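Visitor: Quick one: the structure is below, and I'll ask about it shortly.
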2 protein chains.
Amino acid sequence: MGKRRAKSRRRSGCPLNASVEMLGDRWSLLIIRDMMVRGCRTFKEFLRSDERIATNILADRLGRLEAHGIISSRSDPSDGRKLNYFLTPKGIELAPVLTEMVLWAAAHEDTGNQALVRLMQEDKAKFLAEVKQRCLQISDEIAARARSEQPRRIKG
Amino acid sequence: MGKRRAKSRRRSGCPLNASVEMLGDRWSLLIIRDMMVRGCRTFKEFLRSDERIATNILADRLGRLEAHGIISSRSDPSDGRKLNYFLTPKGIELAPVLTEMVLWAAAHEDTGNQALVRLMQEDKAKFLAEVKQRCLQISDEIAARARSEQPRRIKG
DNA sequence: CCATATTACTTGTGAAATGCAAGTCAAAAT
DNA sequence: ATTTTGACTTGCATTTCACAAGTAATATGG
């Protein structure tokens, strides 16, 4: 159950502060990256990332992101244990933020994944459009499958 | 003194992870915002922000940002107690990141400072160019004053 | 049908980060 | 000389984090 405090009063009205209060920690943006570019949807998949997030932190962050309307989830009709997470439109619109952070780090630090970086550099608008479309497609698919609610195969 | 561990091994080579390890906390980006748009340069000035950062956290964050080459500092020739902080080119190039975070929050949350937001929306490139120029001007001025090293006025 | 796996989490616990108040210290100001 | 100011430290209680282990609800294999 994702019951979570609705809004614990901002420290200020500054929009940057609002962003930082939602996303300013060591994990939230990495989770969003995993959904956006690595196509992660389940708890298990997030755990497989290189940064090795702990399970309790992952559960906490997924809950917060959902509470902030950045991601949402539906249980998987073909496997009742699985919860499929996906980005909401609000979450998808974080793509420019992530992109600028990637480009900044790539320009000033020694980092990997240069293939992705080059894609962003060559045509940023195209890259953003593709990411957006892919994310929308994924969320549509998850929503559609959940809606059709396949009657569980009864064994025997 | 600002002796600080050089680089304590990244959790992964991902450029987003690099950004998050440098900037992913509740304060670093707000400090950079204060330098970029509020023109803060001294410890005291940072403390006056709406978000009310604690002095020990501020000292710690200024030290980290300096260790990461995002900001730098010079002691003020006209007042030996003061240290003037300024953004390095690397720090100035965070402007697009901050801008996208502000625009995202402004689009999805109820936030203040709509005047600034409108400036960003109307002509993002122009806004970024102005911010960049202003920051360069400030760092030049601080560096120049420190270089000239005015012989302290001897009283008597 | 039943034992074993999987998935998505909790719980427990020690370590680290945070927040607040108070204190330090050198350089102005009075 | 004394007080004030600016930039930090230090102490300490609280919160958050990371790692290991455990749990509950499916799912799978025999």
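To be explicit about the labels: the chains of the structure tokens are called A, B, and onward in the order shown, and within each one the residues are counted from 1, while ligands get numbers from 1 in the order they are shown.
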Can you superpose chain B onto chain A by least squares over all C-alpha atoms paired in order and give the moved copy as a compact mmCIF listing (two decimals) with N, CA and C atoms, in the first residue's frame?
Guide:
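Once everything was written out, this is selection.txt:
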```
# COMPACT_ATOMS: atom_id res chain seq x y z
N MET B 1 1.62 -1.07 1.79
CA MET B 1 0.90 -0.31 0.76
C MET B 1 1.48 1.08 0.63
N GLY B 2 1.29 1.70 -0.50
CA GLY B 2 1.95 2.98 -0.73
C GLY B 2 1.25 4.17 -0.13
N LYS B 3 0.77 4.06 1.08
CA LYS B 3 0.25 5.25 1.74
C LYS B 3 1.45 6.10 2.19
N ARG B 4 1.42 7.34 1.83
CA ARG B 4 2.60 8.17 2.04
C ARG B 4 2.13 9.60 2.27
N ARG B 5 2.80 10.30 3.13
CA ARG B 5 2.38 11.68 3.41
C ARG B 5 2.29 12.46 2.10
N ALA B 6 1.21 13.23 1.96
CA ALA B 6 0.94 13.90 0.70
C ALA B 6 2.00 14.93 0.36
N LYS B 7 2.29 15.82 1.26
CA LYS B 7 3.17 16.92 0.94
C LYS B 7 3.62 17.55 2.25
N SER B 8 4.87 17.34 2.63
CA SER B 8 5.29 17.77 3.96
C SER B 8 5.90 19.17 4.00
N ARG B 9 5.26 20.09 3.35
CA ARG B 9 5.67 21.50 3.37
C ARG B 9 7.07 21.75 2.82
N ARG B 10 7.14 22.53 1.78
CA ARG B 10 8.41 22.86 1.17
C ARG B 10 9.20 23.85 2.00
N ARG B 11 10.52 23.78 1.85
CA ARG B 11 11.38 24.73 2.55
C ARG B 11 11.29 26.12 1.93
N SER B 12 10.90 26.15 0.65
CA SER B 12 10.72 27.45 -0.01
C SER B 12 9.87 27.25 -1.26
N GLY B 13 9.43 28.34 -1.87
CA GLY B 13 8.60 28.24 -3.06
C GLY B 13 9.39 28.14 -4.35
N CYS B 14 10.71 28.20 -4.25
CA CYS B 14 11.54 28.16 -5.45
C CYS B 14 11.35 26.86 -6.20
N PRO B 15 11.13 26.94 -7.52
CA PRO B 15 10.93 25.71 -8.30
C PRO B 15 12.14 24.78 -8.26
N LEU B 16 13.33 25.34 -8.19
CA LEU B 16 14.50 24.47 -8.10
C LEU B 16 14.46 23.68 -6.79
N ASN B 17 14.05 24.36 -5.74
CA ASN B 17 13.93 23.67 -4.46
C ASN B 17 12.90 22.55 -4.54
N ALA B 18 11.82 22.80 -5.25
CA ALA B 18 10.80 21.74 -5.41
C ALA B 18 11.42 20.52 -6.10
N SER B 19 12.16 20.76 -7.16
CA SER B 19 12.81 19.66 -7.86
C SER B 19 13.77 18.91 -6.95
N VAL B 20 14.56 19.69 -6.23
CA VAL B 20 15.58 19.09 -5.37
C VAL B 20 14.94 18.28 -4.23
N GLU B 21 13.80 18.74 -3.76
CA GLU B 21 13.15 17.98 -2.69
C GLU B 21 12.56 16.68 -3.20
N MET B 22 12.21 16.64 -4.48
CA MET B 22 11.68 15.39 -5.04
C MET B 22 12.77 14.47 -5.56
N LEU B 23 13.82 15.06 -6.10
CA LEU B 23 14.82 14.26 -6.84
C LEU B 23 16.22 14.34 -6.28
N GLY B 24 16.41 15.19 -5.27
CA GLY B 24 17.77 15.44 -4.77
C GLY B 24 18.27 14.40 -3.79
N ASP B 25 18.59 13.25 -4.29
CA ASP B 25 19.23 12.24 -3.47
C ASP B 25 20.05 11.36 -4.40
N ARG B 26 20.72 10.40 -3.86
CA ARG B 26 21.65 9.63 -4.68
C ARG B 26 20.98 8.57 -5.55
N TRP B 27 19.68 8.38 -5.44
CA TRP B 27 19.07 7.24 -6.14
C TRP B 27 17.93 7.57 -7.09
N SER B 28 17.09 8.54 -6.74
CA SER B 28 15.86 8.76 -7.52
C SER B 28 16.12 8.92 -9.01
N LEU B 29 17.09 9.74 -9.37
CA LEU B 29 17.32 9.97 -10.79
C LEU B 29 17.90 8.74 -11.49
N LEU B 30 18.62 7.92 -10.72
CA LEU B 30 19.15 6.70 -11.33
C LEU B 30 18.03 5.72 -11.62
N ILE B 31 17.03 5.69 -10.75
CA ILE B 31 15.87 4.83 -10.99
C ILE B 31 15.12 5.29 -12.24
N ILE B 32 14.98 6.59 -12.37
CA ILE B 32 14.30 7.14 -13.55
C ILE B 32 15.11 6.84 -14.81
N ARG B 33 16.41 6.98 -14.71
CA ARG B 33 17.28 6.61 -15.84
C ARG B 33 17.05 5.15 -16.23
N ASP B 34 16.97 4.28 -15.22
CA ASP B 34 16.78 2.86 -15.51
C ASP B 34 15.49 2.61 -16.26
N MET B 35 14.47 3.38 -15.94
CA MET B 35 13.21 3.21 -16.66
C MET B 35 13.31 3.81 -18.05
N MET B 36 13.98 4.94 -18.15
CA MET B 36 14.02 5.69 -19.39
C MET B 36 14.93 5.06 -20.43
N VAL B 37 16.11 4.67 -20.03
CA VAL B 37 17.04 4.17 -21.04
C VAL B 37 17.35 2.69 -20.93
N ARG B 38 17.16 2.10 -19.76
CA ARG B 38 17.44 0.67 -19.66
C ARG B 38 16.16 -0.15 -19.72
N GLY B 39 15.03 0.51 -19.73
CA GLY B 39 13.76 -0.19 -19.85
C GLY B 39 13.35 -1.02 -18.65
N CYS B 40 13.87 -0.69 -17.48
CA CYS B 40 13.50 -1.45 -16.28
C CYS B 40 12.04 -1.21 -15.90
N ARG B 41 11.38 -2.28 -15.47
CA ARG B 41 10.01 -2.12 -15.00
C ARG B 41 9.73 -2.82 -13.68
N THR B 42 10.52 -3.80 -13.33
CA THR B 42 10.22 -4.53 -12.09
C THR B 42 11.31 -4.31 -11.04
N PHE B 43 10.92 -4.53 -9.81
CA PHE B 43 11.83 -4.41 -8.67
C PHE B 43 13.16 -5.13 -8.92
N LYS B 44 13.05 -6.37 -9.36
CA LYS B 44 14.23 -7.18 -9.63
C LYS B 44 15.14 -6.52 -10.66
N GLU B 45 14.54 -5.96 -11.71
CA GLU B 45 15.33 -5.35 -12.77
C GLU B 45 16.11 -4.14 -12.25
N PHE B 46 15.48 -3.35 -11.39
CA PHE B 46 16.19 -2.19 -10.83
C PHE B 46 17.40 -2.63 -10.00
N LEU B 47 17.23 -3.74 -9.32
CA LEU B 47 18.33 -4.22 -8.47
C LEU B 47 19.56 -4.63 -9.27
N ARG B 48 19.36 -4.91 -10.55
CA ARG B 48 20.49 -5.37 -11.37
C ARG B 48 21.40 -4.25 -11.85
N SER B 49 21.06 -3.00 -11.58
CA SER B 49 21.91 -1.90 -12.06
C SER B 49 23.29 -1.91 -11.42
N ASP B 50 24.22 -1.31 -12.11
CA ASP B 50 25.60 -1.28 -11.66
C ASP B 50 25.79 -0.66 -10.29
N GLU B 51 24.93 0.29 -9.94
CA GLU B 51 25.16 1.03 -8.69
C GLU B 51 24.75 0.28 -7.44
N ARG B 52 24.06 -0.84 -7.59
CA ARG B 52 23.74 -1.73 -6.48
C ARG B 52 22.96 -1.05 -5.35
N ILE B 53 21.75 -0.69 -5.66
CA ILE B 53 20.88 -0.08 -4.64
C ILE B 53 20.39 -1.15 -3.67
N ALA B 54 20.23 -0.79 -2.41
CA ALA B 54 19.72 -1.73 -1.41
C ALA B 54 18.21 -1.86 -1.56
N THR B 55 17.68 -3.02 -1.19
CA THR B 55 16.26 -3.27 -1.43
C THR B 55 15.36 -2.31 -0.65
N ASN B 56 15.73 -2.00 0.59
CA ASN B 56 14.87 -1.10 1.36
C ASN B 56 14.87 0.31 0.78
N ILE B 57 16.03 0.75 0.28
CA ILE B 57 16.10 2.08 -0.33
C ILE B 57 15.30 2.10 -1.62
N LEU B 58 15.42 1.04 -2.40
CA LEU B 58 14.67 0.97 -3.65
C LEU B 58 13.17 1.04 -3.37
N ALA B 59 12.72 0.26 -2.41
CA ALA B 59 11.28 0.27 -2.08
C ALA B 59 10.85 1.67 -1.65
N ASP B 60 11.68 2.30 -0.82
CA ASP B 60 11.36 3.64 -0.35
C ASP B 60 11.29 4.64 -1.50
N ARG B 61 12.27 4.58 -2.41
CA ARG B 61 12.31 5.54 -3.51
C ARG B 61 11.18 5.32 -4.50
N LEU B 62 10.87 4.07 -4.78
CA LEU B 62 9.75 3.81 -5.68
C LEU B 62 8.48 4.38 -5.07
N GLY B 63 8.32 4.22 -3.76
CA GLY B 63 7.15 4.76 -3.09
C GLY B 63 7.08 6.27 -3.17
N ARG B 64 8.22 6.93 -2.98
CA ARG B 64 8.22 8.40 -3.06
C ARG B 64 7.95 8.90 -4.46
N LEU B 65 8.60 8.27 -5.42
CA LEU B 65 8.39 8.70 -6.81
C LEU B 65 6.94 8.52 -7.20
N GLU B 66 6.34 7.44 -6.73
CA GLU B 66 4.92 7.22 -7.03
C GLU B 66 4.07 8.28 -6.31
N ALA B 67 4.43 8.58 -5.06
CA ALA B 67 3.68 9.59 -4.31
C ALA B 67 3.78 10.96 -4.98
N HIS B 68 4.88 11.21 -5.65
CA HIS B 68 5.06 12.49 -6.35
C HIS B 68 4.48 12.47 -7.76
N GLY B 69 3.89 11.36 -8.15
CA GLY B 69 3.28 11.29 -9.48
C GLY B 69 4.28 11.19 -10.61
N ILE B 70 5.50 10.78 -10.30
CA ILE B 70 6.54 10.67 -11.32
C ILE B 70 6.52 9.29 -11.97
N ILE B 71 6.17 8.30 -11.19
CA ILE B 71 6.00 6.95 -11.74
C ILE B 71 4.66 6.40 -11.26
N SER B 72 4.26 5.30 -11.84
CA SER B 72 3.04 4.62 -11.41
C SER B 72 3.29 3.13 -11.59
N SER B 73 2.36 2.31 -11.14
CA SER B 73 2.59 0.86 -11.27
C SER B 73 1.28 0.10 -11.44
N ARG B 74 1.39 -1.04 -12.10
CA ARG B 74 0.26 -1.95 -12.29
C ARG B 74 0.76 -3.35 -12.05
N SER B 75 -0.05 -4.18 -11.45
CA SER B 75 0.43 -5.54 -11.25
C SER B 75 0.32 -6.29 -12.58
N ASP B 76 1.27 -7.17 -12.78
CA ASP B 76 1.39 -7.86 -14.06
C ASP B 76 0.34 -8.97 -14.15
N PRO B 77 -0.54 -8.91 -15.18
CA PRO B 77 -1.62 -9.90 -15.27
C PRO B 77 -1.09 -11.31 -15.53
N SER B 78 0.09 -11.41 -16.11
CA SER B 78 0.60 -12.74 -16.44
C SER B 78 1.47 -13.32 -15.33
N ASP B 79 1.73 -12.53 -14.30
CA ASP B 79 2.49 -13.03 -13.14
C ASP B 79 2.16 -12.17 -11.93
N GLY B 80 1.26 -12.67 -11.13
CA GLY B 80 0.71 -11.91 -10.01
C GLY B 80 1.73 -11.42 -9.00
N ARG B 81 2.95 -11.95 -9.04
CA ARG B 81 3.96 -11.46 -8.11
C ARG B 81 4.56 -10.15 -8.58
N LYS B 82 4.55 -9.98 -9.88
CA LYS B 82 5.25 -8.82 -10.44
C LYS B 82 4.42 -7.54 -10.41
N LEU B 83 5.12 -6.46 -10.12
CA LEU B 83 4.54 -5.13 -10.26
C LEU B 83 5.32 -4.45 -11.37
N ASN B 84 4.63 -3.92 -12.35
CA ASN B 84 5.31 -3.20 -13.42
C ASN B 84 5.25 -1.71 -13.16
N TYR B 85 6.41 -1.12 -13.05
CA TYR B 85 6.50 0.33 -12.86
C TYR B 85 6.69 1.01 -14.20
N PHE B 86 6.14 2.20 -14.32
CA PHE B 86 6.34 2.97 -15.55
C PHE B 86 6.30 4.46 -15.24
N LEU B 87 6.86 5.24 -16.14
CA LEU B 87 6.90 6.69 -15.96
C LEU B 87 5.57 7.31 -16.35
N THR B 88 5.10 8.24 -15.55
CA THR B 88 3.94 9.04 -15.92
C THR B 88 4.42 10.13 -16.88
N PRO B 89 3.50 10.87 -17.50
CA PRO B 89 3.93 12.00 -18.34
C PRO B 89 4.86 12.94 -17.57
N LYS B 90 4.54 13.20 -16.32
CA LYS B 90 5.41 14.05 -15.49
C LYS B 90 6.81 13.46 -15.39
N GLY B 91 6.89 12.16 -15.23
CA GLY B 91 8.20 11.50 -15.16
C GLY B 91 8.92 11.53 -16.48
N ILE B 92 8.18 11.32 -17.56
CA ILE B 92 8.80 11.32 -18.89
C ILE B 92 9.40 12.69 -19.19
N GLU B 93 8.75 13.72 -18.69
CA GLU B 93 9.27 15.06 -18.96
C GLU B 93 10.52 15.41 -18.17
N LEU B 94 11.00 14.46 -17.42
CA LEU B 94 12.31 14.65 -16.78
C LEU B 94 13.45 14.35 -17.75
N ALA B 95 13.12 13.86 -18.92
CA ALA B 95 14.17 13.50 -19.89
C ALA B 95 15.17 14.64 -20.14
N PRO B 96 14.69 15.89 -20.33
CA PRO B 96 15.66 16.98 -20.55
C PRO B 96 16.60 17.18 -19.36
N VAL B 97 16.08 17.00 -18.16
CA VAL B 97 16.93 17.16 -16.97
C VAL B 97 18.03 16.09 -16.97
N LEU B 98 17.62 14.85 -17.12
CA LEU B 98 18.61 13.77 -17.16
C LEU B 98 19.62 13.98 -18.28
N THR B 99 19.13 14.39 -19.44
CA THR B 99 20.02 14.59 -20.58
C THR B 99 21.08 15.65 -20.28
N GLU B 100 20.65 16.76 -19.72
CA GLU B 100 21.62 17.82 -19.41
C GLU B 100 22.62 17.37 -18.35
N MET B 101 22.17 16.57 -17.41
CA MET B 101 23.09 16.08 -16.39
C MET B 101 24.11 15.12 -16.98
N VAL B 102 23.65 14.30 -17.91
CA VAL B 102 24.56 13.37 -18.57
C VAL B 102 25.59 14.14 -19.41
N LEU B 103 25.10 15.12 -20.17
CA LEU B 103 26.01 15.88 -21.03
C LEU B 103 27.03 16.66 -20.20
N TRP B 104 26.57 17.20 -19.09
CA TRP B 104 27.50 17.95 -18.23
C TRP B 104 28.60 17.05 -17.68
N ALA B 105 28.19 15.91 -17.15
CA ALA B 105 29.19 15.00 -16.58
C ALA B 105 30.13 14.49 -17.66
N ALA B 106 29.57 14.16 -18.81
CA ALA B 106 30.40 13.64 -19.89
C ALA B 106 31.41 14.67 -20.36
N ALA B 107 31.04 15.96 -20.26
CA ALA B 107 31.94 17.02 -20.71
C ALA B 107 33.04 17.31 -19.69
N HIS B 108 32.79 17.00 -18.42
CA HIS B 108 33.73 17.43 -17.39
C HIS B 108 34.35 16.32 -16.58
N GLU B 109 33.87 15.10 -16.77
CA GLU B 109 34.42 14.00 -15.99
C GLU B 109 34.77 12.86 -16.94
N ASP B 110 35.49 11.92 -16.41
CA ASP B 110 35.85 10.76 -17.20
C ASP B 110 34.79 9.69 -16.93
N THR B 111 33.88 9.54 -17.88
CA THR B 111 32.76 8.62 -17.66
C THR B 111 32.61 7.64 -18.83
N GLY B 112 31.81 6.63 -18.59
CA GLY B 112 31.57 5.62 -19.63
C GLY B 112 30.33 5.91 -20.45
N ASN B 113 29.82 4.91 -21.13
CA ASN B 113 28.62 5.01 -21.96
C ASN B 113 28.69 6.15 -22.97
N GLN B 114 29.84 6.26 -23.63
CA GLN B 114 30.03 7.34 -24.60
C GLN B 114 29.10 7.21 -25.80
N ALA B 115 28.62 6.00 -26.07
CA ALA B 115 27.70 5.82 -27.20
C ALA B 115 26.43 6.62 -26.98
N LEU B 116 25.88 6.48 -25.78
CA LEU B 116 24.67 7.21 -25.43
C LEU B 116 24.92 8.71 -25.47
N VAL B 117 26.06 9.10 -24.93
CA VAL B 117 26.41 10.52 -24.90
C VAL B 117 26.47 11.09 -26.31
N ARG B 118 27.05 10.32 -27.21
CA ARG B 118 27.18 10.82 -28.57
C ARG B 118 25.80 11.00 -29.23
N LEU B 119 24.91 10.07 -28.94
CA LEU B 119 23.54 10.21 -29.44
C LEU B 119 22.91 11.53 -28.99
N MET B 120 23.12 11.83 -27.72
CA MET B 120 22.56 13.08 -27.17
C MET B 120 23.19 14.30 -27.82
N GLN B 121 24.49 14.24 -28.02
CA GLN B 121 25.20 15.39 -28.57
C GLN B 121 24.84 15.66 -30.02
N GLU B 122 24.70 14.57 -30.78
CA GLU B 122 24.47 14.74 -32.21
C GLU B 122 23.14 15.41 -32.54
N ASP B 123 22.10 14.99 -31.88
CA ASP B 123 20.79 15.61 -32.11
C ASP B 123 19.94 15.47 -30.87
N LYS B 124 20.06 16.45 -30.01
CA LYS B 124 19.41 16.38 -28.71
C LYS B 124 17.89 16.26 -28.83
N ALA B 125 17.32 17.07 -29.73
CA ALA B 125 15.86 17.07 -29.88
C ALA B 125 15.37 15.71 -30.35
N LYS B 126 16.07 15.14 -31.27
CA LYS B 126 15.69 13.83 -31.79
C LYS B 126 15.79 12.78 -30.68
N PHE B 127 16.88 12.84 -29.95
CA PHE B 127 17.07 11.90 -28.84
C PHE B 127 15.92 12.00 -27.85
N LEU B 128 15.58 13.23 -27.48
CA LEU B 128 14.51 13.43 -26.51
C LEU B 128 13.16 12.92 -27.04
N ALA B 129 12.92 13.17 -28.33
CA ALA B 129 11.66 12.72 -28.92
C ALA B 129 11.57 11.19 -28.90
N GLU B 130 12.69 10.54 -29.18
CA GLU B 130 12.70 9.07 -29.19
C GLU B 130 12.48 8.50 -27.80
N VAL B 131 13.17 9.10 -26.83
CA VAL B 131 13.01 8.64 -25.45
C VAL B 131 11.55 8.78 -25.03
N LYS B 132 11.00 9.93 -25.33
CA LYS B 132 9.62 10.19 -24.94
C LYS B 132 8.67 9.18 -25.55
N GLN B 133 8.86 8.94 -26.84
CA GLN B 133 7.96 8.00 -27.52
C GLN B 133 8.08 6.60 -26.96
N ARG B 134 9.31 6.18 -26.72
CA ARG B 134 9.54 4.84 -26.18
C ARG B 134 8.88 4.69 -24.81
N CYS B 135 9.03 5.72 -23.97
CA CYS B 135 8.44 5.65 -22.63
C CYS B 135 6.92 5.61 -22.68
N LEU B 136 6.36 6.42 -23.56
CA LEU B 136 4.90 6.43 -23.71
C LEU B 136 4.40 5.06 -24.15
N GLN B 137 5.15 4.48 -25.09
CA GLN B 137 4.79 3.16 -25.60
C GLN B 137 4.78 2.13 -24.48
N ILE B 138 5.82 2.18 -23.65
CA ILE B 138 5.92 1.22 -22.54
C ILE B 138 4.77 1.41 -21.56
N SER B 139 4.49 2.65 -21.20
CA SER B 139 3.42 2.86 -20.21
C SER B 139 2.07 2.47 -20.80
N ASP B 140 1.88 2.74 -22.09
CA ASP B 140 0.64 2.32 -22.75
C ASP B 140 0.50 0.80 -22.69
N GLU B 141 1.58 0.15 -23.01
CA GLU B 141 1.54 -1.31 -23.05
C GLU B 141 1.21 -1.89 -21.67
N ILE B 142 1.85 -1.37 -20.65
CA ILE B 142 1.60 -1.86 -19.29
C ILE B 142 0.16 -1.58 -18.88
N ALA B 143 -0.30 -0.38 -19.20
CA ALA B 143 -1.68 -0.02 -18.85
C ALA B 143 -2.67 -0.90 -19.60
N ALA B 144 -2.40 -1.14 -20.88
CA ALA B 144 -3.30 -1.94 -21.70
C ALA B 144 -3.37 -3.38 -21.19
N ARG B 145 -2.23 -3.94 -20.88
CA ARG B 145 -2.22 -5.32 -20.39
C ARG B 145 -2.96 -5.42 -19.06
N ALA B 146 -2.77 -4.42 -18.21
CA ALA B 146 -3.45 -4.44 -16.92
C ALA B 146 -4.96 -4.30 -17.10
N ARG B 147 -5.34 -3.48 -18.09
CA ARG B 147 -6.76 -3.25 -18.35
C ARG B 147 -7.43 -4.52 -18.84
N SER B 148 -6.76 -5.20 -19.76
CA SER B 148 -7.36 -6.40 -20.33
C SER B 148 -7.52 -7.50 -19.28
N GLU B 149 -6.72 -7.41 -18.24
CA GLU B 149 -6.87 -8.30 -17.07
C GLU B 149 -7.16 -9.75 -17.46
N GLN B 150 -6.21 -10.31 -18.20
CA GLN B 150 -6.38 -11.68 -18.68
C GLN B 150 -6.84 -12.59 -17.56
N PRO B 151 -7.95 -13.28 -17.76
CA PRO B 151 -8.40 -14.22 -16.73
C PRO B 151 -7.29 -15.24 -16.51
N ARG B 152 -6.80 -15.29 -15.27
CA ARG B 152 -5.66 -16.15 -14.95
C ARG B 152 -5.92 -17.58 -15.44
N ARG B 153 -4.91 -18.12 -16.08
CA ARG B 153 -4.98 -19.49 -16.57
C ARG B 153 -5.14 -20.44 -15.38
N ILE B 154 -6.23 -21.19 -15.38
CA ILE B 154 -6.45 -22.14 -14.30
C ILE B 154 -5.80 -23.46 -14.67
N LYS B 155 -5.01 -23.93 -13.80
CA LYS B 155 -4.35 -25.19 -14.15
C LYS B 155 -5.29 -26.36 -13.90
N GLY B 156 -4.99 -27.43 -14.53
CA GLY B 156 -5.83 -28.58 -14.29
C GLY B 156 -5.81 -29.39 -15.55
```
Visitor: I need the contact residues of chain D against chain A, so if you could list those with any atom within 12 Å, counting only C-alpha atoms (C1' of nucleotides), and return them as a list in words, that would help.
Guide: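 Within 12 Å of chain A on chain D, we get DT16, DC17, DA18, DC19, DA20, DA21, DA24, DA25, DT26, DA27 and DT28 of chain D.
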Visitor: As an exercise, work out the distance from C1' of DA29 in chain C to C1' of DA1 in chain D in Å and give it to one decimal place.
Guide: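 Rounded to one decimal, the two atoms are 12.1 Å apart.
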Visitor: Would you mind writing down, as a PyMOL selection string, each residue of range 25-75 of chain A that DSSP on the backbone assigns to helix (DSSP H, G or I)?
Guide: chain A and resi 28-36+43-47+55-67
Visitor: Based on the selection just made, write C-alpha atoms of those residues as a CSV table (one decimal), in the first residue's frame.
Guide:
```
chain,number,residue,atom,x,y,z
A,28,SER,CA,15.9,8.8,-7.5
A,29,LEU,CA,17.3,10.0,-10.8
A,30,LEU,CA,19.2,6.7,-11.4
A,31,ILE,CA,15.9,4.8,-11.0
A,32,ILE,CA,14.3,7.1,-13.6
A,33,ARG,CA,17.3,6.6,-15.9
A,34,ASP,CA,16.8,2.9,-15.5
A,35,MET,CA,13.2,3.2,-16.7
A,36,MET,CA,14.0,5.7,-19.4
A,43,PHE,CA,11.9,-4.4,-8.7
A,44,LYS,CA,14.3,-7.2,-9.7
A,45,GLU,CA,15.3,-5.4,-12.8
A,46,PHE,CA,16.2,-2.2,-10.9
A,47,LEU,CA,18.3,-4.2,-8.5
A,55,THR,CA,16.3,-3.3,-1.5
A,56,ASN,CA,14.9,-1.1,1.3
A,57,ILE,CA,16.1,2.1,-0.4
A,58,LEU,CA,14.7,1.0,-3.7
A,59,ALA,CA,11.3,0.3,-2.1
A,60,ASP,CA,11.4,3.6,-0.4
A,61,ARG,CA,12.3,5.5,-3.5
A,62,LEU,CA,9.7,3.8,-5.7
A,63,GLY,CA,7.2,4.7,-3.1
A,64,ARG,CA,8.2,8.4,-3.1
A,65,LEU,CA,8.4,8.7,-6.8
A,66,GLU,CA,4.9,7.2,-7.0
A,67,ALA,CA,3.7,9.6,-4.3
```
Visitor: DSSP on the backbone, strand (DSSP E) only: what residues of chain A does that give? Format it as number ranges by chain.
Guide: A: 71-75, 83-87
Visitor: Could you build a table of the residues in chain C lying no more than 12 Å from chain B, giving for each the nearest pair of atoms and their separation in Å rounded to one decimal place, using only C-alpha atoms (C1' of nucleotides), ordered by chain and ascending residue number, as a Markdown table?
Guide:
```
| residue | atom | partner | partner_atom | distance |
| --- | --- | --- | --- | --- |
| C:DA17 | C1' | B:Ile57 | CA | 9.9 |
| C:DT18 | C1' | B:Ile57 | CA | 8.0 |
| C:DG19 | C1' | B:Ala54 | CA | 6.8 |
| C:DC20 | C1' | B:Ala54 | CA | 7.8 |
| C:DA21 | C1' | B:Ala54 | CA | 10.6 |
| C:DC25 | C1' | B:Arg81 | CA | 10.7 |
| C:DA26 | C1' | B:Arg81 | CA | 7.4 |
| C:DA27 | C1' | B:Arg81 | CA | 5.5 |
| C:DA28 | C1' | B:Asp79 | CA | 7.5 |
| C:DA29 | C1' | B:Asp79 | CA | 11.6 |
```
Visitor: Can those selected residues be exported to a file as a JSON list (two decimals), in the first residue's frame so that it contains C-alpha atoms (C1' of nucleotides)?
Guide:
```json
[["chain", "number", "residue", "atom", "x", "y", "z"],
["C", 17, "DA", "C1'", 24.74, 12.06, 7.32],
["C", 18, "DT", "C1'", 21.78, 15.88, 9.07],
["C", 19, "DG", "C1'", 20.10, 19.64, 11.87],
["C", 20, "DC", "C1'", 20.47, 22.67, 15.62],
["C", 21, "DA", "C1'", 22.90, 25.26, 19.20],
["C", 25, "DC", "C1'", 39.32, 32.52, 15.94],
["C", 26, "DA", "C1'", 41.15, 36.04, 13.07],
["C", 27, "DA", "C1'", 40.07, 40.46, 11.09],
["C", 28, "DA", "C1'", 37.32, 44.64, 11.16],
["C", 29, "DA", "C1'", 34.87, 48.42, 13.51]]
```
Visitor: Can you measure C1' of DC9 in chain C to C1' of DG29 in chain D for me? One decimal in Å is fine.
Guide: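 Distance between the two atoms: 25.0 Å.
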Visitor: How far is it from C1' of DT23 in chain D to C1' of DC2 in chain C, in Å with one decimal?
Guide: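 So the two atoms, C1' of DT23 in chain D and C1' of DC2 in chain C, lie 19.8 Å apart.
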